[in-house]
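Novice: Quick one: the structure is below, and I'll ask about it shortly.
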Amino acid sequence: MGKEGARVLLLTLVLFLTLQSADMKSYSYRCLVISKDPPAVLSALIAGIATNYKPLYFFDQINAIGAEMDESSMPALQKHPRVVLAIRDMLYEVHTTHSWEFLGLETSGGNATDEWKEAKFGEGVIIGTVDTGVSPASESFRDDGLPVPRGWRGKCDAGQDTTFCCNNKLIGARFFNAGIQTESFPEGSPTLNKTDLNSPRDYVGHGSHTLSTAGGGFVAGASAFGHGRGTAKGGSSRARVASYKACYAPGCSGLDVLAAMLAAVADGVHVLSLSLGAPPSDYANDPIAIGAFYAVQKGVTVVCSAGNSGPEPGSVSNLAPWILTVAASTMDRDFPAYAAFGNNTIKGQSLSNGTQPAHEQHQMISGDKANAANQIPDNSTLCLAGTLDPAKVRNKIVVCTRGVNGRVEKGLVVKQAGGIGMVLCNDAGSGDETVADPHLVPAVHCSYSRCKDLFHYLRSTEFPVGSIAVGTKLGVKPAPVIADFSSRGPNTITPQILKPDITAPGVDVIAAYSEEVSPTGLPFDDRRVPYNILSGTSMSCPHVSGIAGLVKAKYPDWSPAMIKSAIMTTASTGANDGSQIQDETGEAATPFSYGSGHAKPALALDPGLVYDTTPDDYTSFLCSLKPTQLPLLSVLYGANASNPFTCSKKSLSFRPENLNYPSISAACLSVSGATTVRRRVKNVGPTAYSTYIVSVVQPAAGVRITVQPDTLRFGKIGEEKSFTVKLEVYDAVAAAGYVFGSIEWSDGNHRVRSPVAATTKCE
């Protein structure tokens with residue numbers, strides 16, 4: 001696609017999505033302005049309107065400027081005929097070895113599968129992350145002797161960090177900080193550090209973790225505090241990697257993120273991974289959506305995390321259909337810990353690197369009975385700083401209750417008071433959610449229901465004793481299970497696009513870490529580790545970025561939409577015990593939790609058919625979003641506009657659910673007739689002549705699905721065939737809530753599955 005075509009599409013995006021949010025009235029002092037004119041002309045225009053104007057970024061690629069100015073200047077800018085879009089900046093936050101075996105790219109003996117080898121472990125592909133930077137000293141980024149791919153135009157900008165350097169593995173590193181330095185942070189937020197601001201080095205740990213998960217090299221003997229020992233590696237372990245630092249301890253400025261994304265595209269990355277986000281917002285108010293749209297038009301696959309605001313319905317973020325949005329789920333590895341007392345043993349979780357064998361019993365004490373002088377039991381039961389009496393705690397295991405201060409901090413309080421271990425018990429409000437933390441003393445975090453027996457024992461025994469043991473367990477069933485924190489659908493911006501798209505491992509993931517920061521990020525923790533265990537959709541996102549790198553390596557000419565389709569349509573909805581994927585409650589999960597299912601990279605490398613979404617498809621989709629406001633085109637794109645654009649008659653009648661997407665979501669179904677959704681699929685082989693037959697899994701109630709035709713016959717590679725999916729409501733009461741089914745095309749060797757979500761509600 002030519003330069004002008006990409007630019008027209010970007011202007012289409014910002015025009016039609018600006019119309020969705022024209023009623024916004026409040027703006028911050030930092031903003032993004034997109035114009036019909038080049039940035040130099042736009043800058044002069046803004047200077048003549050705005051007071052206290054300070055340009056931060058000139059975005060030549062999209063005729064835009066990131067700037068700081070008085071809020072009072074914004075209304076005049078919005079009304080100016082040469083301005084396409086003027087929005088406030090937003091603050092994003094990051095969404096924070098064995099996993100590749102669990103995903104099917106390794107055998108149980110640690111050997112690579114044929115599919116992984118055929119994709120050359122991602123060799124020739126460049127993966128970039130927008131995150132908190134990178135630790136260049138990590139073994140995951142050591143030079144492996146492979147050449148830098150052709151087409152790489154990036155650089156290694158060390159800033160003021162004289163010891164930072166890149167190599168033939170870590171081929172690029174840059175940092176962007178103009179936006180974050182103008183942000184006003186709430187009291188108590190982490191402070192900006194000048195050393196951090198002026199270097200591409202990772203001072204948080206998050207960026208090194210995500211980049212190594214996507215494209216880190218093979219590192220034998222990696223572990224976190226001795227747990228999960230094995231060979232660490234990224235999904236595209238022979239890919240080249242580049243780091244674009246736009247996030248710092250307090251968060252990520254949208255302007256910095258956009259600058260990083262545009263720079264990555266210009267540098268020549270093939271896959272761009274962003275483990276960060278903000279609450280759901282209209283695409284025109286979201287710099288990630290704007291930057292991703294530009295990147296996709298340039299052939300770059302963009303993968304983003306779904307967010308950590310689950311299990312609240314409608315909490316999923318990064319909703320644009322040109323983004324591959326990733327939820328988080330467990331794998332079949334756990335880090336169990338056990339507290340033994342009396343004749344009982346209760347199970348919890350921990351990453352503490354200390355253990356106390358069961359035969360070595362130690363005295364135990366409840367925090368409420370260990371209170372120091374002038375401290376009430378309500379405080380000491382929480383193990384708050386200064387509340388424990390060393391005379392009562394010394395050489396004992398202390399039972400603390402979760403709440404108020406941090407989980408790891410409670411262990412520090414116990415250690416400072418002379419305690420030798422901790423059992424951390426949830427209160428009723430925390431329920432059964434437990435976390436494997438790298439505690440400073442031997443510790444186990446247990447659920448409220450399991451701690452009831454422990455509390456009864458402590459109350460009924462004069463001299464309670466016990467022990468703590470920690471370990472690693474493989475083969476956990478069922479797995480995957482959707483993580484409770486993983487954000488859920490439906491899509492609150494465009495319900496006709498099902499989000500999230502896919503799920504991948506995001507719980508207790510071991511990957512590279514920065515030794516510039518402690519493993520907990522807490523100031524009192526002086527430990528340093530080369531590898532750490534983190535959880536979040538931040539961790540699942542780079543797993544899929546690594547898979548995208550493999551698909552790109554095998555099929556270098558595929559579009560981002562084809563790569564996305566291959567990953568989505570080959571996903572699985574089953575767990576390793578033969579059941580369906582469950583959510584955190586133990587109930588069967590839905591596509592609002594896992595999208596198309598759990599990623600299966602070996603299958604994604606041979607999908608059979610793909611759904612390709614073209615620039616024309618995206619244009620029609622954008623034209624369909626606000627048809628009542630299309631007359632504004634004559635105002636925004638007049639005869640003198642540098643890029644005049646109008647929607648065609650065909651696109652004016654387009655329905656957003658007809659975007660050629662690998663999943664199907666239809667809202668506002670007619671209760672008296674049928675709704676027809678259109679799709680087309682492309683034959684990508686391996687054989688030219690193939691016949692695919694459809695099978696349908698009907699929703700449990702409410703809606704009936706019919707596919708026509710039910711057979712697709714292909715005669716050549718690259719041939720496309722169209723089909724329709726008819727949704728008929730037969731029970732309006734049941735269909736008032738979302739119902740779920742699926743369609744699957746198969747030639748006997750490939751399965752091309754698309755989830756279907758439908759409702760009569762008009763969101």
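Every chain in the structure tokens takes a letter, A first, then B, and so on in the order presented; its residues are numbered from 1, and the ligands are numbered from 1 following the presented order.
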Need to verify the contact set: A:Glu433, 12 Å, only C-alpha atoms, exclusion of same-chain residues closer than 2 positions in sequence. Can you return it as an mmCIF file with C-alpha atoms, in the first residue's frame?
Specialist:
data_model
loop_
_atom_site.group_PDB
_atom_site.id
_atom_site.type_symbol
_atom_site.label_atom_id
_atom_site.label_comp_id
_atom_site.auth_asym_id
_atom_site.auth_seq_id
_atom_site.Cartn_x
_atom_site.Cartn_y
_atom_site.Cartn_z
ATOM 1 C CA GLY A 348 -1.049 -22.146 49.344
ATOM 2 C CA GLN A 349 1.486 -20.437 47.082
ATOM 3 C CA ARG A 402 -3.812 -9.910 54.335
ATOM 4 C CA LEU A 424 -0.208 -15.145 55.138
ATOM 5 C CA CYS A 425 -3.945 -15.699 55.415
ATOM 6 C CA ASN A 426 -6.604 -14.008 53.333
ATOM 7 C CA ASP A 427 -9.428 -12.268 55.102
ATOM 8 C CA ALA A 428 -13.023 -12.910 54.061
ATOM 9 C CA GLY A 429 -12.911 -10.056 51.564
ATOM 10 C CA SER A 430 -9.865 -11.495 49.769
ATOM 11 C CA GLY A 431 -11.494 -14.899 49.431
ATOM 12 C CA VAL A 435 -0.305 -15.121 44.895
ATOM 13 C CA ALA A 436 3.149 -16.674 44.580
ATOM 14 C CA HIS A 445 -0.001 -17.501 51.166
ATOM 15 C CA CYS A 446 -3.240 -19.384 51.860
ATOM 16 C CA SER A 447 -6.895 -18.786 51.058
ATOM 17 C CA TYR A 448 -9.481 -17.673 53.590
ATOM 18 C CA SER A 449 -11.297 -21.008 53.466
ATOM 19 C CA ARG A 450 -8.137 -23.017 54.135
ATOM 20 C CA ALA A 483 -6.798 -15.646 35.456
ATOM 21 C CA ASP A 484 -9.177 -13.764 37.723
ATOM 22 C CA PHE A 485 -7.419 -10.467 36.924
ATOM 23 C CA GLU A 584 -11.583 -18.387 38.205
ATOM 24 C CA THR A 585 -14.841 -19.699 39.759
#
Novice: Quick check for you: according to DSSP on this backbone, which residues of stretch 466-713 of chain A are classed as helix (DSSP H, G or I)? Reply as an MDAnalysis selection string.
Specialist: chainID A and resid 537:554 560:569 591:594 601:604 615:625 627:636 649:652 656:658
Novice: I'd like to know which of A:Gly718, A:Ser223, A:Pro287, A:Ser309 is closest to A:Asp557, using only C-alpha atoms.
Specialist: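 Comparing A:Gly718, A:Ser223, A:Pro287, A:Ser309 against A:Asp557, the winner is A:Gly718.
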Novice: Find the distance between atom CA of A:Ala571 and atom CA of A:Ala758 and write it in Å to one decimal.
Specialist: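 About the pair atom CA of A:Ala571 and atom CA of A:Ala758: they are 20.2 Å apart.
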Novice: Residues within 12 Å of A:Ser665, please, as an MDAnalysis selection string. Count only C-alpha atoms; anything in the same chain fewer than 5 positions from it doesn't count.
Specialist: chainID A and resid 489:491 494:501 591:592 595:596 655:660 675:678 725 727 738:742 754:760 763
Novice: Between A:Met364, A:Ile171, A:Ala158, A:Ala674, single out the one closest to A:Gly466, counting only C-alpha atoms.
Specialist: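 When distances to A:Gly466 are compared using only C-alpha atoms, the smallest one comes from A:Met364.
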Novice: Give me, as a Markdown table, each residue of stretch 248-352 of chain A that comes within 10 Å of stretch 439-444 of chain A, together with its shortest interatomic pair and the distance in Å at one decimal, counting only C-alpha atoms, with rows ordered by chain and rising residue number.
Specialist:
| residue | atom | partner | partner_atom | distance |
| --- | --- | --- | --- | --- |
| A:Pro336 | CA | A:Val444 | CA | 8.4 |
| A:Ala337 | CA | A:Val444 | CA | 5.5 |
| A:Tyr338 | CA | A:Val444 | CA | 6.4 |
| A:Ala339 | CA | A:Val444 | CA | 6.8 |
| A:Ile346 | CA | A:Val444 | CA | 9.5 |
| A:Lys347 | CA | A:Val444 | CA | 8.0 |
| A:Gly348 | CA | A:Val444 | CA | 5.7 |
| A:Gln349 | CA | A:Val444 | CA | 5.5 |
| A:Ser350 | CA | A:Val444 | CA | 5.2 |
| A:Leu351 | CA | A:His439 | CA | 6.5 |
| A:Ser352 | CA | A:His439 | CA | 4.7 |
Novice: Select, from A:Asn395, A:Thr434, A:Gln363, A:Thr537, the residue with the minimum atom-to-atom distance to A:His206, counting only C-alpha atoms.
Specialist: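 Counting only C-alpha atoms, the residue closest to A:His206 is A:Thr537.
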Novice: Could you jot down the atom CA of A:Ala391 to atom CA of A:Val414 separation for me, Å, one decimal place?
Specialist: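 Atom CA of A:Ala391 sits 12.0 Å away from atom CA of A:Val414.
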Novice: Just how far from atom CA of A:Ala40 is atom CA of A:Arg82, in Å to one decimal?
Specialist: 13.1 Å
